[in-house]
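Here the structure comes first, spelled out in structure tokens, and everything after it is commentary.
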Number of protein chains: 4
Amino acid sequence: MTLKKKLHEIIFEAETPEGKAFDIVLIILIISSVICVIIDSVEPISTNYKTYLYILEWFFTIVFTIEYFLRLWIIEKPLKYAKSFYGIIDFLSFVPSYLSLLFTGTHYLIVLRTLRLLRIFRLFKLIQYVKESNIILIALKESRYKVFVFLFAILNIVIVIGTLMYVIEGEQNGFTSIPKGIYWAIVTITTVGYGDISPKTPLGQFLSSAIMILGYAIIAVPTGIVTHELSKAYNKKSVSTENCPSCGRDGHDTDALYCKYCGAKLNE
Amino acid sequence: MTLKKKLHEIIFEAETPEGKAFDIVLIILIISSVICVIIDSVEPISTNYKTYLYILEWFFTIVFTIEYFLRLWIIEKPLKYAKSFYGIIDFLSFVPSYLSLLFTGTHYLIVLRTLRLLRIFRLFKLIQYVKESNIILIALKESRYKVFVFLFAILNIVIVIGTLMYVIEGEQNGFTSIPKGIYWAIVTITTVGYGDISPKTPLGQFLSSAIMILGYAIIAVPTGIVTHELSKAYNKKSVSTENCPSCGRDGHDTDALYCKYCGAKLNE
Amino acid sequence: MTLKKKLHEIIFEAETPEGKAFDIVLIILIISSVICVIIDSVEPISTNYKTYLYILEWFFTIVFTIEYFLRLWIIEKPLKYAKSFYGIIDFLSFVPSYLSLLFTGTHYLIVLRTLRLLRIFRLFKLIQYVKESNIILIALKESRYKVFVFLFAILNIVIVIGTLMYVIEGEQNGFTSIPKGIYWAIVTITTVGYGDISPKTPLGQFLSSAIMILGYAIIAVPTGIVTHELSKAYNKKSVSTENCPSCGRDGHDTDALYCKYCGAKLNE
Amino acid sequence: MTLKKKLHEIIFEAETPEGKAFDIVLIILIISSVICVIIDSVEPISTNYKTYLYILEWFFTIVFTIEYFLRLWIIEKPLKYAKSFYGIIDFLSFVPSYLSLLFTGTHYLIVLRTLRLLRIFRLFKLIQYVKESNIILIALKESRYKVFVFLFAILNIVIVIGTLMYVIEGEQNGFTSIPKGIYWAIVTITTVGYGDISPKTPLGQFLSSAIMILGYAIIAVPTGIVTHELSKAYNKKSVSTENCPSCGRDGHDTDALYCKYCGAKLNE
């Protein structure tokens, strides 16, 4: 087996022991590098462990760079990979570090540093192997139109109530503009309730009571939709649509070989 | 085909290419005009882009005016349309702009400006075409009595606990009246929790812990109701639409071979 | 028909037109009197409309007094009624007003005034007629043990985390005692989040992030329980447990007269 | 029956009257001792009732010590018990009190005092007897992978949005580091919303509106998962436990007449 073929097996396949080991090492590297970026923003730590973080950062950068070019070299269609979503994510996981050598402004550096956090999306590629996530994704995919319709309705309610509150409460109570009112309405209808803006007038408090109860009641809608779609996604596997060739009845389990009603053999 | 007939097809029908194009243009116009009203309330923008917003506003007003009178002219029963919910919404989408020419008080102007936001309800007319929204509407319609009973129970709980907190906490802790206590109870039971009023006494904190856990547990009730109704709305299709050839009654299960009312054999 | 019999029909029965009218008048009186008690606590209103509220209050008191003694006179077992839950509620709906004549301390008066609000529970007696509420009550009754187990688990989690936060954050960050910590944990796990007490130390913020996500995930448990029980309560009515006397199979609808599988007549 | 055997019956079995009585006494002791620990942290109470709390504490400690060594003496494999989860919990329920005699620093004392609260976990051992809790545990166990995948996705979203907000809002608005931003994102996506940190810039408010609505919509996912698993745990009973008399396999529907694997007639 050529080196290229061997590497392909390690990097792109998850079944062989080497492939599994590679994936686990990669996950550990990604998570470590994300933790580095996160703690690099915490004041006392970033100053005290500056050198260690710097060395670690360049270690991750170089590893990810090598991995990226290995992938490019091994894969059959390098251009297609480079232009795919995960190709771009892989590319963005090391480029910001090199760019930070070119730029010197502090603000640019912060942005570039945080861009390295995009590495986290690399984990999504790996989670696809977890079969549990498929059923959730199917259910979410199936319910996307209904949830979209629901969110559209929420958006309308939120715009109307946010505007009403802007008129009722006015600037003196923190509702300085319609977007601010809409922001407040979203904070309220989702039951987040920061309290940075809260109604002061009796009429405003009455209206916000109404929107709170509305928000409390309509959370049932997306829940109901997703619950139904999840049930459907689960059950799809277990009930066959096949009819019995003898008595013609359906509702057989997918693992059934004989009709449960008349005992005739089912077609496979 | 006469102009009137052609226009009828464009404005009232959604199947033809022209009808679809008209609907899309209308949606874009409505959304743009709503965005205009919203950003018109944001301080620096409304001052800097005063002229542009003014021109845009009159452009939308004139287009909606023309559209309204076209509808009146084309439709068979203009009076019925004018008095319908959407007829009034269509009317209110341009009238406030004309009224703002007559009134000069600042407060009236703000109210009139925000009234233009009612245009947003015009979008609801268009969402009806989305078939995904039907099943949600059916489920909500079916569950309305149960949700009403639930909200009635919530209202009673909230009044009793709001009053109790008014007695326990008193004016010095922000519970200045029973309506304020009820407002607090709603903020709490819906898990919004602004924190503008919060219990200070140990007894008050104990009681509010109770209402929080209550609110956390009973959210299950509307969720359960809507989930059940959604399932029912989806499954309605699994009841056969077939009528018994003998007694003519329907409502048979899809796996029924004989009429459950008269015992006659059903057609397959 | 004697006066007593006629009154019995009006007061205790809901089928006759007079009975219905009586119930509606009673609901209006209860709601009005509750509104009176509520607005009596709002400062400017209670001072400005003192006389009107006073007259109204005595009007309600006298009507409820007459109603109570009428019930006592008409009913077969007056003592049983007087000692029942609703008998006590009916009694408490007018007694506080008379007691307020005897006491003069301001605080006693406030308590007595708010006691009148117990009238609201009289509405529950009337809601029993609404058949929609039965199915919710059945589902809640069936799920009470499971919800109790769930709440017990929550209580334990909340005590442990509240204590941990008391140790971690300490008095200087508002966690002055374990009960305060538990109160905070309840505010957090139920996603209310007042913000009157919030973690300040990094460790405290980390632990509270954990409890938030826990609270966010486990809300699914009571929801799942109630949803399941509601489905069961709904379906109980529609599927008969009866077996076909001919082919022995079950799963027939409750309104089925003939077996849907073999066409034999079902036992009634 | 020897004393040892008799004690084994009382302490380890729940069916006999003595076993039941022992369990109830134990539950009361545990709850009382937990309440003692809790109120011991409340300032005026702990000073005023110091002696009583001290005596009670030692009473509980001695009782739990005796109980622990009785268990060790009676049980067949004492070492296995001592190393089990509940063995450690039982041990930790009395040891901190003895340790508090050795240490004198105030902070150590507080930690030791609160460690006694671990007694609460002893209640979990007893709740296992409640059969209602089994179905919840089964459902939670079945859904753990899916909920884990869900929480992993939440964690990624929260890290990305927390970092974005750190860049957008910056230190001047309370987002002093990425972990702080992540903490804020968790507070927001779980709809807790303390309000200790809240977005101030328009862009930040827009982004937080998005994450709120996201949090509001995706709560449906764990709810759907747990609801489905609960239904499955309940319905498991509706699958027949009968084995095929011919091929011996099970998993037949309750309405199956013939084995779905080999076509043999099932016993009724």
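Residues are named by chain letter and number: chains run A, B, ... in the order of the structure tokens, numbers start at 1 in each chain, and ligands are numbered from 1 in the order shown.
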
Query - Who sits within 10 Å of stretch 25-38 of chain A, only C-alpha atoms, same chain under 6 positions skipped, as a VMD selection string - result: (chain A and resid 11 19 46 52 to 54 56 to 61 63 to 64 67 93 113 to 123 126) or (chain D and resid 159 163 177 to 182)

Requested in this report: Name the residues in contact with stretch 193-205 of chain B at a cut-off of 8 Å, using only C-alpha atoms, excluding same-chain residues fewer than 2 positions from it; report them as an NGL selection string.
Outcome: (:A and (191-196 or 198)) or (:B and (165 or 168-169 or 173-175 or 184 or 187-188 or 190-191 or 207-209)) or (:C and (183 or 192-196)) or (:D and (192-195))

Report task. May I ask for the distance between atom CA of D:Tyr86 and atom CA of D:Glu9, given in Å to one decimal place? Result ->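 It comes out at 18.4 Å.
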
**Report entry** Distance of atom CA of B:Asn235 from atom CA of A:Ser143, expressed in Å to one decimal place
**Finding:**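 Rounded to one decimal, the two atoms are 15.7 Å apart.
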
Query raised in the report: Do you have the atom CA of B:Ile213-atom CA of D:Gly224 distance handy?
Result: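 So the two atoms, atom CA of B:Ile213 and atom CA of D:Gly224, lie 21.0 Å apart.
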
Requested in this report: Quote the C-alpha RMSD, in Å to one decimal, that results from superposing chain C on chain D by least squares across all C-alpha atoms in order.
Outcome: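 When all C-alpha atoms are superposed, the deviation is 3.0 Å.
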
Query - Option closest in space to chain A, from D:Cys247, D:Ile225, D:Leu230, D:Ile75 [counting only C-alpha atoms] - result: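 Distance minimum relative to chain A lands on D:Ile225.
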
Query raised in the report: So, counting only C-alpha atoms, which residue among D:Lys77, D:Lys83, D:Lys125, D:His228 is closest to chain B?
Result: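 Looking at the shortest contact to chain B, the residue is D:His228.
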